[in-house]
file start39.cif (mmCIF, C-alpha atoms)
data_structure
loop_
_atom_site.label_atom_id
_atom_site.label_comp_id
_atom_site.auth_asym_id
_atom_site.auth_seq_id
_atom_site.Cartn_x
_atom_site.Cartn_y
_atom_site.Cartn_z
CA MET Q 1377 14.99 -1.96 -38.01
CA ASP Q 1378 17.27 -3.83 -35.61
CA GLN Q 1379 20.93 -3.07 -36.33
CA ASP Q 1380 22.05 -6.58 -35.41
CA LEU Q 1381 19.67 -7.96 -38.02
CA ILE Q 1382 20.95 -5.50 -40.64
CA ARG Q 1383 24.52 -6.50 -39.84
CA ILE Q 1384 23.95 -10.25 -40.08
CA TYR Q 1385 21.87 -9.88 -43.27
CA LYS Q 1386 24.73 -7.92 -44.85
CA GLU Q 1387 27.14 -10.73 -43.96
CA ILE Q 1388 24.79 -13.17 -45.68
CA GLY Q 1389 24.62 -10.92 -48.76
CA ILE Q 1390 21.25 -9.21 -48.31
CA SER Q 1391 21.33 -5.43 -48.77
CA GLU Q 1392 19.84 -2.99 -46.29
CA ASN Q 1393 17.15 -1.94 -48.80
CA VAL Q 1394 16.02 -5.55 -49.33
CA ALA Q 1395 15.96 -6.12 -45.57
CA ALA Q 1396 13.99 -2.90 -44.99
CA TYR Q 1397 11.47 -3.89 -47.65
CA GLY Q 1398 11.02 -7.26 -45.96
CA GLU Q 1399 10.27 -5.59 -42.63
CA ARG Q 1400 7.71 -3.32 -44.28
CA VAL Q 1401 5.93 -6.31 -45.82
CA LEU Q 1402 6.10 -8.29 -42.59
CA ALA Q 1403 4.38 -5.55 -40.61
CA GLY Q 1404 1.20 -6.06 -42.62
CA LEU Q 1405 1.00 -9.82 -42.04
CA ARG Q 1406 0.73 -10.10 -38.26
CA GLU Q 1407 -3.03 -10.73 -38.20
CA ARG Q 1408 -2.79 -13.49 -40.83
CA PHE Q 1409 0.10 -15.07 -38.92
CA ALA Q 1410 -2.03 -15.15 -35.77
CA GLN Q 1411 -4.76 -17.03 -37.66
CA MET Q 1412 -2.23 -19.62 -38.84
CA ASP Q 1413 -0.95 -20.06 -35.29
CA ALA Q 1414 -4.52 -20.65 -34.07
CA ILE Q 1415 -4.98 -23.46 -36.62
CA ALA Q 1416 -1.62 -24.96 -35.65
CA GLU Q 1417 -2.63 -25.02 -32.00
CA VAL Q 1418 -5.78 -27.03 -32.74
CA ASN Q 1419 -3.91 -29.42 -35.03
CA GLN Q 1420 -1.21 -29.86 -32.40
CA ALA Q 1421 -3.84 -30.96 -29.90
CA LYS Q 1422 -5.34 -33.32 -32.51
CA VAL Q 1423 -1.99 -35.07 -33.01
CA LEU Q 1424 -1.38 -35.23 -29.26
CA LEU Q 1425 -4.78 -36.83 -28.63
CA ALA Q 1426 -4.17 -39.45 -31.32
CA MET Q 1427 -0.84 -40.36 -29.74
CA GLN Q 1428 -2.30 -40.56 -26.25
CA LYS Q 1429 -5.31 -42.58 -27.40
CA ASN Q 1430 -3.02 -45.17 -28.98
CA ARG Q 1431 -0.75 -45.31 -25.92
CA VAL Q 1432 2.48 -44.34 -27.64
CA SER Q 1433 5.37 -45.40 -25.41
CA SER Q 1434 9.15 -45.64 -25.57
CA GLU Q 1435 8.67 -49.24 -26.71
CA CYS Q 1436 7.30 -47.82 -29.99
CA PHE Q 1437 10.69 -46.29 -30.82
CA ALA Q 1438 12.53 -49.62 -30.92
CA GLY Q 1439 13.43 -50.59 -34.47
CA SER Q 1440 12.86 -53.88 -36.21
CA SER Q 1441 14.79 -55.63 -38.97
CA GLY Q 1442 14.26 -58.48 -41.36
CA TYR Q 1443 10.61 -59.25 -41.87
CA GLY Q 1444 9.51 -56.80 -39.21
CA TYR Q 1445 7.01 -59.19 -37.62
CA GLY Q 1446 5.33 -57.77 -34.53
CA ASP Q 1447 6.74 -54.25 -34.94
CA VAL Q 1448 4.74 -52.45 -32.23
CA GLY Q 1449 6.01 -49.00 -33.21
CA ARG Q 1450 5.06 -49.43 -36.86
CA ASP Q 1451 1.59 -50.74 -36.10
CA THR Q 1452 0.89 -48.09 -33.46
CA LEU Q 1453 2.04 -45.28 -35.76
CA GLU Q 1454 -0.39 -46.45 -38.41
CA ARG Q 1455 -3.23 -46.32 -35.90
CA VAL Q 1456 -2.11 -42.81 -34.91
CA TYR Q 1457 -2.21 -41.68 -38.55
CA ALA Q 1458 -5.65 -43.22 -39.00
CA ASP Q 1459 -6.93 -41.30 -35.97
CA VAL Q 1460 -5.30 -38.01 -37.01
CA PHE Q 1461 -6.96 -38.22 -40.43
CA HIS Q 1462 -10.20 -39.79 -39.13
CA THR Q 1463 -9.94 -42.87 -41.34
CA GLU Q 1464 -10.38 -46.61 -40.79
CA GLU Q 1465 -6.78 -47.61 -41.54
CA ALA Q 1466 -3.42 -46.21 -42.56
CA LEU Q 1467 -0.22 -47.49 -44.15
CA VAL Q 1468 2.88 -45.53 -43.06
CA ARG Q 1469 6.16 -47.01 -44.24
CA PRO Q 1470 9.78 -45.99 -44.91
CA GLN Q 1471 9.63 -48.43 -47.86
CA ILE Q 1472 7.40 -45.90 -49.68
CA THR Q 1473 10.13 -43.88 -51.34
CA CYS Q 1474 8.35 -40.62 -52.22
CA GLY Q 1475 4.98 -38.99 -52.89
CA THR Q 1476 4.87 -40.24 -56.47
CA HIS Q 1477 5.56 -43.78 -55.24
CA ALA Q 1478 2.75 -43.46 -52.69
CA LEU Q 1479 0.33 -42.30 -55.40
CA ALA Q 1480 1.43 -45.02 -57.81
CA LEU Q 1481 0.96 -47.58 -55.04
CA ALA Q 1482 -2.55 -46.32 -54.26
CA LEU Q 1483 -3.58 -46.32 -57.92
CA SER Q 1484 -2.12 -49.68 -58.91
CA ALA Q 1485 -3.52 -51.31 -55.77
CA ASN Q 1486 -7.09 -50.15 -56.32
CA LEU Q 1487 -7.43 -50.28 -60.11
CA ARG Q 1488 -7.78 -53.40 -62.25
CA PRO Q 1489 -7.52 -54.05 -66.00
CA GLY Q 1490 -10.56 -52.57 -67.72
CA ASP Q 1491 -11.07 -49.87 -65.08
CA GLU Q 1492 -10.89 -46.20 -65.88
CA LEU Q 1493 -9.16 -43.48 -63.86
CA LEU Q 1494 -10.66 -39.98 -63.89
CA SER Q 1495 -8.98 -36.71 -62.93
CA PRO Q 1496 -11.69 -34.06 -62.48
CA VAL Q 1497 -9.11 -31.31 -61.81
CA GLY Q 1498 -7.29 -31.36 -65.14
CA ARG Q 1499 -3.87 -32.81 -65.80
CA PRO Q 1500 -2.22 -34.22 -62.65
CA TYR Q 1501 1.30 -33.44 -61.49
CA ASP Q 1502 4.06 -34.09 -64.03
CA THR Q 1503 5.48 -37.21 -62.36
CA LEU Q 1504 2.11 -38.97 -62.55
CA GLU Q 1505 2.00 -38.72 -66.33
CA GLU Q 1506 4.29 -41.74 -66.66
CA VAL Q 1507 2.53 -43.59 -63.84
CA ILE Q 1508 -0.77 -43.25 -65.68
CA GLY Q 1509 0.68 -43.66 -69.15
CA ILE Q 1510 -0.12 -40.20 -70.51
CA ARG Q 1511 3.55 -40.23 -71.40
CA PRO Q 1512 4.36 -43.86 -72.31
CA SER Q 1513 6.49 -45.54 -69.68
CA ARG Q 1514 7.36 -49.06 -68.65
CA GLY Q 1515 4.98 -50.40 -66.00
CA SER Q 1516 2.37 -47.66 -66.43
CA LEU Q 1517 -1.29 -48.20 -65.65
CA ALA Q 1518 -1.97 -48.02 -69.37
CA GLU Q 1519 0.22 -51.10 -69.91
CA TYR Q 1520 -2.04 -52.97 -67.50
CA GLY Q 1521 -5.22 -52.01 -69.33
CA VAL Q 1522 -6.32 -49.08 -67.16
CA THR Q 1523 -7.70 -46.21 -69.23
CA TYR Q 1524 -7.58 -42.54 -68.28
CA ARG Q 1525 -9.87 -39.57 -68.70
CA GLU Q 1526 -9.65 -36.00 -67.42
CA ALA Q 1527 -11.96 -33.02 -67.06
CA GLU Q 1528 -10.26 -29.66 -67.28
CA LEU Q 1529 -11.07 -26.96 -64.77
CA LEU Q 1530 -13.04 -23.92 -65.84
CA PRO Q 1531 -10.97 -20.82 -66.72
CA ASP Q 1532 -11.53 -19.40 -63.21
CA GLY Q 1533 -10.20 -22.58 -61.59
CA ARG Q 1534 -13.58 -23.98 -60.53
CA PHE Q 1535 -14.70 -27.55 -61.18
CA ASP Q 1536 -16.47 -28.12 -64.51
CA TYR Q 1537 -19.32 -30.19 -63.11
CA GLU Q 1538 -20.98 -30.65 -66.49
CA LYS Q 1539 -17.79 -32.07 -67.99
CA ILE Q 1540 -17.18 -34.24 -64.92
CA GLN Q 1541 -20.67 -35.71 -65.13
CA SER Q 1542 -20.24 -36.57 -68.81
CA SER Q 1543 -16.83 -38.15 -68.07
CA ILE Q 1544 -18.13 -40.63 -65.48
CA ASN Q 1545 -19.16 -43.94 -67.00
CA GLY Q 1546 -19.52 -47.59 -66.12
CA LYS Q 1547 -15.74 -48.13 -66.23
CA THR Q 1548 -14.91 -45.28 -63.85
CA ARG Q 1549 -13.44 -46.96 -60.81
CA LEU Q 1550 -11.25 -44.32 -59.17
CA VAL Q 1551 -11.18 -40.53 -59.18
CA THR Q 1552 -7.89 -38.83 -58.34
CA ILE Q 1553 -8.09 -35.30 -56.94
CA GLN Q 1554 -4.88 -33.31 -56.61
CA ARG Q 1555 -5.31 -30.90 -53.72
CA SER Q 1556 -2.27 -28.75 -54.46
CA LYS Q 1557 -1.67 -26.85 -57.68
CA GLY Q 1558 1.45 -28.75 -58.75
CA TYR Q 1559 3.18 -27.08 -61.70
CA ALA Q 1560 0.09 -25.07 -62.59
CA SER Q 1561 -1.36 -21.65 -61.87
CA ARG Q 1562 -4.72 -22.91 -60.67
CA PRO Q 1563 -5.94 -22.54 -57.09
CA SER Q 1564 -5.22 -25.25 -54.57
CA PHE Q 1565 -8.41 -26.73 -53.14
CA SER Q 1566 -9.71 -26.63 -49.59
CA PRO Q 1567 -11.01 -29.79 -47.90
CA GLU Q 1568 -14.51 -28.32 -48.09
CA GLU Q 1569 -14.25 -27.73 -51.85
CA ILE Q 1570 -12.96 -31.26 -52.33
CA GLY Q 1571 -15.86 -32.52 -50.22
CA GLU Q 1572 -18.37 -30.80 -52.50
CA LEU Q 1573 -16.71 -32.42 -55.52
CA ILE Q 1574 -16.74 -35.86 -53.89
CA ALA Q 1575 -20.42 -35.53 -52.97
CA PHE Q 1576 -21.22 -34.66 -56.59
CA ILE Q 1577 -19.22 -37.60 -57.96
CA LYS Q 1578 -20.67 -40.12 -55.51
CA GLY Q 1579 -24.15 -38.81 -56.30
CA ILE Q 1580 -23.56 -40.03 -59.85
CA LYS Q 1581 -21.64 -43.23 -59.06
CA PRO Q 1582 -21.67 -44.14 -55.33
CA ASP Q 1583 -19.14 -46.99 -55.59
CA VAL Q 1584 -16.35 -44.90 -57.12
CA ILE Q 1585 -13.18 -44.53 -55.02
CA CYS Q 1586 -12.26 -40.89 -54.40
CA MET Q 1587 -8.53 -40.53 -53.79
CA VAL Q 1588 -6.90 -37.23 -52.79
CA ASP Q 1589 -3.25 -36.38 -53.41
CA ASN Q 1590 -2.86 -34.57 -50.09
CA CYS Q 1591 0.79 -33.55 -50.58
CA TYR Q 1592 1.59 -30.09 -49.20
CA GLY Q 1593 -1.88 -29.70 -47.69
CA GLU Q 1594 -1.71 -31.57 -44.37
CA PHE Q 1595 -2.35 -29.42 -41.26
CA VAL Q 1596 -2.84 -26.18 -43.23
CA ARG Q 1597 -6.53 -26.24 -42.32
CA LEU Q 1598 -8.46 -27.56 -39.32
CA SER Q 1599 -9.90 -30.41 -41.40
CA GLU Q 1600 -8.63 -32.82 -44.05
CA PRO Q 1601 -10.35 -34.18 -47.19
CA SER Q 1602 -11.06 -37.44 -45.33
CA ASP Q 1603 -13.42 -35.42 -43.11
CA PHE Q 1604 -15.50 -34.73 -46.23
CA GLY Q 1605 -15.84 -38.13 -47.84
CA ALA Q 1606 -12.44 -38.95 -49.37
CA ASP Q 1607 -11.87 -42.71 -49.43
CA LEU Q 1608 -8.10 -42.40 -49.59
CA LEU Q 1609 -5.50 -39.76 -48.71
CA VAL Q 1610 -1.95 -40.04 -49.99
CA GLY Q 1611 1.17 -38.09 -49.00
CA SER Q 1612 4.90 -38.01 -48.41
CA LEU Q 1613 6.74 -37.98 -45.08
CA ILE Q 1614 9.42 -35.62 -46.40
CA LYS Q 1615 6.67 -33.06 -46.85
CA ASN Q 1616 4.21 -31.78 -44.22
CA PRO Q 1617 3.50 -34.76 -41.94
CA GLY Q 1618 7.16 -35.67 -41.47
CA GLY Q 1619 7.77 -32.37 -39.72
CA GLY Q 1620 11.27 -32.11 -41.20
CA LEU Q 1621 12.52 -35.10 -39.21
CA SER Q 1622 11.43 -38.11 -41.28
CA ARG Q 1623 14.25 -39.14 -43.59
CA CYS Q 1624 11.98 -40.92 -46.06
CA GLY Q 1625 8.61 -42.59 -46.32
CA GLY Q 1626 5.03 -42.05 -47.35
CA TYR Q 1627 1.55 -42.65 -46.04
CA LEU Q 1628 -1.88 -43.73 -47.20
CA ALA Q 1629 -4.92 -43.24 -44.97
CA GLY Q 1630 -8.42 -44.33 -45.87
CA THR Q 1631 -10.95 -47.11 -45.91
CA ARG Q 1632 -9.92 -50.53 -44.71
CA GLU Q 1633 -10.37 -52.04 -48.19
CA CYS Q 1634 -8.24 -49.39 -49.93
CA ILE Q 1635 -5.45 -49.70 -47.37
CA GLU Q 1636 -5.42 -53.50 -47.39
CA ASN Q 1637 -5.23 -53.43 -51.19
CA ALA Q 1638 -2.26 -51.08 -50.96
CA ALA Q 1639 -0.53 -53.18 -48.30
CA VAL Q 1640 -0.53 -56.34 -50.41
CA ARG Q 1641 0.70 -54.35 -53.40
CA LEU Q 1642 3.53 -52.81 -51.36
CA THR Q 1643 4.64 -56.16 -49.93
CA SER Q 1644 3.00 -59.32 -51.29
CA PRO Q 1645 -0.36 -61.07 -51.40
CA GLY Q 1646 -0.71 -63.03 -48.18
CA LEU Q 1647 1.72 -60.76 -46.31
CA GLY Q 1648 0.18 -57.29 -46.46
CA LYS Q 1649 0.78 -55.08 -43.41
CA GLU Q 1650 2.35 -57.87 -41.35
CA VAL Q 1651 5.82 -57.35 -42.81
CA GLY Q 1652 8.02 -54.32 -43.35
CA ALA Q 1653 10.78 -53.48 -40.90
CA SER Q 1654 10.93 -49.97 -39.44
CA LEU Q 1655 14.75 -50.07 -39.43
CA GLY Q 1656 15.13 -47.75 -36.47
CA MET Q 1657 13.18 -44.88 -38.06
CA SER Q 1658 10.13 -44.97 -35.81
CA ARG Q 1659 11.24 -42.29 -33.36
CA GLU Q 1660 11.74 -39.64 -36.06
CA MET Q 1661 8.43 -40.53 -37.69
CA TYR Q 1662 6.57 -40.07 -34.41
CA GLN Q 1663 8.44 -36.92 -33.44
CA GLY Q 1664 8.13 -35.47 -36.94
CA LEU Q 1665 4.36 -35.98 -36.89
CA PHE Q 1666 4.20 -34.38 -33.44
CA LEU Q 1667 6.07 -31.30 -34.69
CA ALA Q 1668 4.28 -31.15 -38.04
CA PRO Q 1669 1.49 -28.68 -37.15
CA THR Q 1670 4.02 -26.10 -35.94
CA VAL Q 1671 6.44 -26.70 -38.81
CA VAL Q 1672 3.61 -26.45 -41.35
CA ALA Q 1673 2.53 -23.13 -39.82
CA SER Q 1674 6.10 -21.83 -40.28
CA ALA Q 1675 6.11 -22.95 -43.91
CA GLU Q 1676 2.70 -21.40 -44.49
CA LYS Q 1677 3.84 -18.07 -43.03
CA THR Q 1678 6.88 -18.18 -45.28
CA ALA Q 1679 4.66 -18.80 -48.32
CA LEU Q 1680 2.42 -15.88 -47.38
CA PHE Q 1681 5.46 -13.65 -46.91
CA ALA Q 1682 6.73 -14.68 -50.36
CA ALA Q 1683 3.35 -13.88 -51.92
CA ALA Q 1684 3.27 -10.43 -50.33
CA VAL Q 1685 6.88 -9.60 -51.22
CA TYR Q 1686 6.52 -10.46 -54.90
CA GLU Q 1687 2.93 -9.29 -55.36
CA ASP Q 1688 3.82 -5.81 -54.14
CA LEU Q 1689 6.62 -5.72 -56.73
CA GLY Q 1690 4.13 -6.47 -59.52
CA PHE Q 1691 4.71 -10.18 -60.08
CA PRO Q 1692 1.64 -12.43 -60.54
CA VAL Q 1693 1.46 -14.80 -57.56
CA TYR Q 1694 -0.69 -17.89 -56.95
CA PRO Q 1695 -2.38 -17.71 -54.54
CA SER Q 1696 -2.65 -14.00 -53.94
CA GLY Q 1697 -1.26 -12.67 -50.68
CA LYS Q 1698 -4.84 -11.87 -49.68
CA ALA Q 1699 -6.34 -15.27 -50.53
CA GLN Q 1700 -7.10 -18.11 -48.14
CA ARG Q 1701 -4.32 -20.69 -48.22
CA ASN Q 1702 -4.91 -24.41 -48.73
CA ASP Q 1703 -1.31 -25.64 -48.98
CA ILE Q 1704 2.24 -24.48 -48.34
CA ILE Q 1705 3.16 -23.90 -51.99
CA GLN Q 1706 3.60 -20.39 -53.35
CA ALA Q 1707 3.88 -19.90 -57.09
CA VAL Q 1708 5.42 -16.74 -58.53
CA GLU Q 1709 5.26 -16.01 -62.25
CA LEU Q 1710 8.75 -14.70 -63.01
CA GLY Q 1711 8.46 -14.36 -66.77
CA SER Q 1712 11.94 -15.43 -67.84
CA ARG Q 1713 14.44 -18.23 -67.57
CA GLU Q 1714 16.96 -15.82 -66.05
CA ALA Q 1715 14.59 -14.76 -63.28
CA LEU Q 1716 13.61 -18.35 -62.46
CA CYS Q 1717 17.25 -19.38 -62.17
CA ALA Q 1718 18.10 -16.30 -60.08
CA PHE Q 1719 15.25 -17.00 -57.65
CA CYS Q 1720 16.41 -20.58 -57.13
CA GLU Q 1721 19.99 -19.42 -56.76
CA GLY Q 1722 18.87 -17.15 -53.92
CA ILE Q 1723 17.06 -19.96 -52.12
CA GLN Q 1724 20.09 -22.23 -52.45
CA ALA Q 1725 22.38 -19.47 -51.16
CA ALA Q 1726 20.21 -19.25 -48.03
CA SER Q 1727 20.39 -22.98 -47.35
CA PRO Q 1728 22.21 -24.49 -44.35
CA VAL Q 1729 23.40 -27.42 -46.45
CA GLU Q 1730 25.25 -26.86 -49.74
CA GLY Q 1731 24.55 -23.14 -49.64
CA PHE Q 1732 27.70 -22.70 -51.73
CA VAL Q 1733 26.21 -24.60 -54.69
CA LYS Q 1734 24.64 -22.87 -57.70
CA PRO Q 1735 21.59 -24.82 -58.92
CA GLU Q 1736 21.38 -25.61 -62.63
CA PRO Q 1737 18.47 -26.90 -64.75
CA TRP Q 1738 18.61 -30.63 -65.53
CA ASP Q 1739 16.65 -33.52 -67.00
CA MET Q 1740 15.04 -34.69 -63.78
CA PRO Q 1741 13.53 -38.22 -63.82
CA GLY Q 1742 9.75 -38.20 -64.26
CA TYR Q 1743 9.50 -34.74 -65.82
CA GLY Q 1744 8.92 -33.77 -69.45
CA ASP Q 1745 10.85 -30.47 -69.22
CA GLN Q 1746 14.13 -29.54 -67.65
CA VAL Q 1747 13.67 -28.57 -64.00
CA ILE Q 1748 15.71 -26.29 -61.77
CA MET Q 1749 15.60 -27.12 -58.10
CA ALA Q 1750 17.03 -25.41 -55.03
CA ALA Q 1751 17.06 -27.58 -51.95
CA GLY Q 1752 19.92 -27.38 -49.50
CA ALA Q 1753 18.16 -29.62 -47.03
CA PHE Q 1754 19.13 -31.85 -44.12
CA VAL Q 1755 16.97 -34.56 -45.76
CA SER Q 1756 17.65 -34.87 -49.48
CA GLY Q 1757 14.66 -33.66 -51.48
CA SER Q 1758 12.68 -32.65 -48.41
CA SER Q 1759 10.23 -29.99 -49.54
CA ILE Q 1760 8.98 -29.17 -46.05
CA GLU Q 1761 12.43 -27.66 -45.74
CA LEU Q 1762 13.24 -24.42 -47.58
CA SER Q 1763 13.10 -25.26 -51.29
CA ALA Q 1764 12.06 -23.95 -54.69
CA ASP Q 1765 11.77 -25.48 -58.10
CA GLY Q 1766 10.17 -25.00 -61.47
CA PRO Q 1767 10.10 -26.35 -65.02
CA LEU Q 1768 12.03 -24.42 -67.66
CA ARG Q 1769 8.98 -23.44 -69.70
CA PRO Q 1770 6.86 -20.28 -70.04
CA PRO Q 1771 5.60 -18.45 -68.06
CA TYR Q 1772 8.59 -19.53 -65.92
CA ASN Q 1773 6.75 -20.01 -62.66
CA VAL Q 1774 8.76 -20.83 -59.58
CA TYR Q 1775 7.13 -23.03 -56.95
CA PHE Q 1776 8.39 -22.19 -53.51
CA GLN Q 1777 7.64 -24.17 -50.38
CA GLY Q 1778 8.88 -25.08 -46.96
CA GLY Q 1779 10.82 -23.53 -44.14
CA LEU Q 1780 11.25 -25.38 -40.87
CA THR Q 1781 11.24 -21.99 -39.14
CA PHE Q 1782 9.73 -18.75 -40.38
CA TYR Q 1783 12.95 -16.87 -39.70
CA HIS Q 1784 14.82 -19.10 -42.11
CA GLY Q 1785 12.01 -18.91 -44.67
CA LYS Q 1786 11.97 -15.12 -44.49
CA LEU Q 1787 15.73 -15.01 -45.02
CA GLY Q 1788 15.38 -17.30 -48.02
CA ILE Q 1789 12.80 -15.08 -49.70
CA LEU Q 1790 14.91 -11.98 -49.14
CA SER Q 1791 17.90 -13.83 -50.59
CA SER Q 1792 15.86 -14.73 -53.68
CA LEU Q 1793 14.88 -11.07 -54.13
CA GLN Q 1794 18.51 -10.00 -53.75
CA LYS Q 1795 19.56 -12.39 -56.52
CA LEU Q 1796 16.80 -11.03 -58.79
CA LEU Q 1797 18.08 -7.51 -58.13
CA ASP Q 1798 21.66 -8.56 -58.82
CA ALA Q 1799 20.59 -10.21 -62.10
CA GLY Q 1800 18.68 -7.10 -63.24
CA CYS Q 1801 15.31 -8.89 -63.09
CA VAL Q 1802 14.03 -6.38 -60.51
CA SER Q 1803 15.03 -2.73 -60.71
CA PRO Q 1804 16.41 -0.88 -57.67
CA GLU Q 1805 13.92 1.90 -58.40
CA ALA Q 1806 10.95 -0.47 -58.18
CA LEU Q 1807 12.20 -1.74 -54.84
CA ALA Q 1808 12.87 1.77 -53.51
CA GLN Q 1809 9.29 2.79 -54.28
CA GLN Q 1810 8.02 0.07 -51.95
CA ILE Q 1811 10.16 0.91 -48.93
#
call {"tool": "encode", "arguments": {"input": "start39.cif", "output": "structure tokens"}}
result
Amino acid sequence: MDQDLIRIYKEIGISENVAAYGERVLAGLRERFAQMDAIAEVNQAKVLLAMQKNRVSSECFAGSSGYGYGDVGRDTLERVYADVFHTEEALVRPQITCGTHALALALSANLRPGDELLSPVGRPYDTLEEVIGIRPSRGSLAEYGVTYREAELLPDGRFDYEKIQSSINGKTRLVTIQRSKGYASRPSFSPEEIGELIAFIKGIKPDVICMVDNCYGEFVRLSEPSDFGADLLVGSLIKNPGGGLSRCGGYLAGTRECIENAAVRLTSPGLGKEVGASLGMSREMYQGLFLAPTVVASAEKTALFAAAVYEDLGFPVYPSGKAQRNDIIQAVELGSREALCAFCEGIQAASPVEGFVKPEPWDMPGYGDQVIMAAGAFVSGSSIELSADGPLRPPYNVYFQGGLTFYHGKLGILSSLQKLLDAGCVSPEALAQQI
């Protein structure tokens, strides 16, 4: 092992044994890393072609203010997104504050009183519970007369087609499919698996809108759910497609009708996509999208490294280090509150921003349980950057994601392991056996 690397790791607080273990794990991942790089190369070309087709120029980087009428950069970026995701239209705006806001916008824009929303993949991510009204909240869909139904996954994580079929009825207007696992131990779904589910649903009710929460999944595979029949994709620009540069924002990409509905909900009936100033953020949104395939590959490598490190030490990991990946999230079942907090402390300690801070659990808005979150990021809350979080509830899973570079992501995982060792959650003997 390189002595310079040992020296700098020691200065950061990572022991020689932890560093040596990391190198041993890394040696077995080279072939998988090469496969991820091959996907990134194709996706990079896809983004480049979309930008060239839509004649992106320096004029597109000029900001607008006020109403934002005639914002060439904004309108061109939305055409680029539509081409990247192979959809009719897109809505890409800094006024969309986060992924949950983007999802709430998509749902409220395309559902009407008396409609029913169906989740065929079990309970959606925690923050959507209040949006839907599963947990009562002001302004929820339930308050506007939209009902909700869900079909749990089978014990092995597959779709329960029989239950889904019995759940679809005359009121079913929109089906929401969460691609990533969220705060669950289930598998994340590939675009092809989502396509099979969509085909099944539309075979029962062809006019239903199939919406995919695409957060954390963009550019991990060569295709996207919109290539397999999804009517609407929804995501956040401080996750994958922002490439670590976008300071805020979200996107919707899909059919013209779904996007126009969302545009008038975001702004106002009669105004739609015509207003909405870019406020000087266009350049970072373009450049972030351009870098996204490479950044996502780095985050995916980091997730795979995390899976291998903790799986070899006997921790349950989701997905397995040997499984095909469909998003950048890696879940590790840590088994105790102490271990979850130690893991997050290690990620925070490896952060370039506020690395001196010790994360503590807190009552985070939108969540039913206390959440601990480590995120020393250049963009607040950016989970394409090195970050980890988890709800304080059994089995005390941590959900790790991000890493703008693999080298930083690797360092973060080793730091998390060091903190687990220091807290007595991993024994030195167990580590020594793996070196």
call {"tool": "residues_near_point", "arguments": {"input": "start39.cif", "point": "(15.9, -55.8, -41.0)", "cutoff": "10 Å", "atoms": "all atoms listed in the file", "output": "list of chain:residue names"}}
result
Q:Gly1439, Q:Ser1440, Q:Ser1441, Q:Gly1442, Q:Tyr1443, Q:Gly1444, Q:Gly1652, Q:Ala1653, Q:Ser1654, Q:Leu1655, Q:Gly1656
call {"tool": "write_last_selection", "arguments": {"input": "start39.cif", "atoms": "C-alpha atoms", "output": "PDB file, in the frame of the given file"}}
result
ATOM      1  CA  GLY Q1439      13.430 -50.590 -34.470  1.00  0.00           C
ATOM      2  CA  SER Q1440      12.860 -53.880 -36.210  1.00  0.00           C
ATOM      3  CA  SER Q1441      14.790 -55.630 -38.970  1.00  0.00           C
ATOM      4  CA  GLY Q1442      14.260 -58.480 -41.360  1.00  0.00           C
ATOM      5  CA  TYR Q1443      10.610 -59.250 -41.870  1.00  0.00           C
ATOM      6  CA  GLY Q1444       9.510 -56.800 -39.210  1.00  0.00           C
ATOM      7  CA  GLY Q1652       8.020 -54.320 -43.350  1.00  0.00           C
ATOM      8  CA  ALA Q1653      10.780 -53.480 -40.900  1.00  0.00           C
ATOM      9  CA  SER Q1654      10.930 -49.970 -39.440  1.00  0.00           C
ATOM     10  CA  LEU Q1655      14.750 -50.070 -39.430  1.00  0.00           C
ATOM     11  CA  GLY Q1656      15.130 -47.750 -36.470  1.00  0.00           C
TER      12      GLY Q1656
END
call {"tool": "resolve_selection", "arguments": {"input": "start39.cif", "expression": "the PyMOL selection byres ((chain Q and resi 1747-1757) around 8)", "output": "number ranges by chain"}}
result
Q: 1614, 1620-1623, 1717, 1720-1721, 1723-1724, 1727-1731, 1735-1740, 1743, 1745-1746, 1758-1759, 1761-1768
call {"tool": "resolve_selection", "arguments": {"input": "start39.cif", "expression": "the PyMOL selection byres ((chain Q and resi 1430) around 8)", "output": "list in words"}}
result
Ala1426, Met1427, Gln1428, Lys1429, Arg1431, Val1432, Thr1452, Arg1455 and Val1456 of chain Q
call {"tool": "residues_around", "arguments": {"input": "start39.cif", "residues": "range 1501-1507 of chain Q", "least_positions_apart": "2", "cutoff": "7 Å", "atoms": "all atoms listed in the file", "output": "MDAnalysis selection string"}}
result
chainID Q and resid 1476 1480 1499 1509:1513 1516:1517 1558:1559 1742:1743
call {"tool": "closest_atom_pairs", "arguments": {"input": "start39.cif", "of": "range 1488-1603 of chain Q", "to": "range 1667-1671 of chain Q", "cutoff": "9 Å", "atoms": "only C-alpha atoms", "output": "CSV"}}
result
residue,atom,partner,partner_atom,distance
Q:Glu1594,CA,Q:Pro1669,CA,8.4
Q:Phe1595,CA,Q:Pro1669,CA,5.7
Q:Val1596,CA,Q:Pro1669,CA,7.9
call {"tool": "residues_near_point", "arguments": {"input": "start39.cif", "point": "(12.2, -20.0, -40.9)", "cutoff": "12 Å", "atoms": "only C-alpha atoms", "output": "VMD selection string"}}
result
chain Q and resid 1670 to 1679 1681 1726 to 1728 1760 to 1763 1777 to 1790
call {"tool": "closest_residue", "arguments": {"input": "start39.cif", "among": "Q:Leu1613, Q:Met1377, Q:Ala1725, Q:Ala1478", "to": "Gly1664 in chain Q", "atoms": "only C-alpha atoms"}}
result
Q:Leu1613
call {"tool": "atom_distance", "arguments": {"input": "start39.cif", "atom1": "CA of Arg1549 in chain Q", "atom2": "CA of Asp1583 in chain Q"}}
result
7.7 Å
call {"tool": "closest_residue", "arguments": {"input": "start39.cif", "among": "Q:Lys1557, Q:Arg1632, Q:Glu1805, Q:Glu1399", "to": "Phe1776 in chain Q", "atoms": "all atoms listed in the file"}}
result
Q:Lys1557
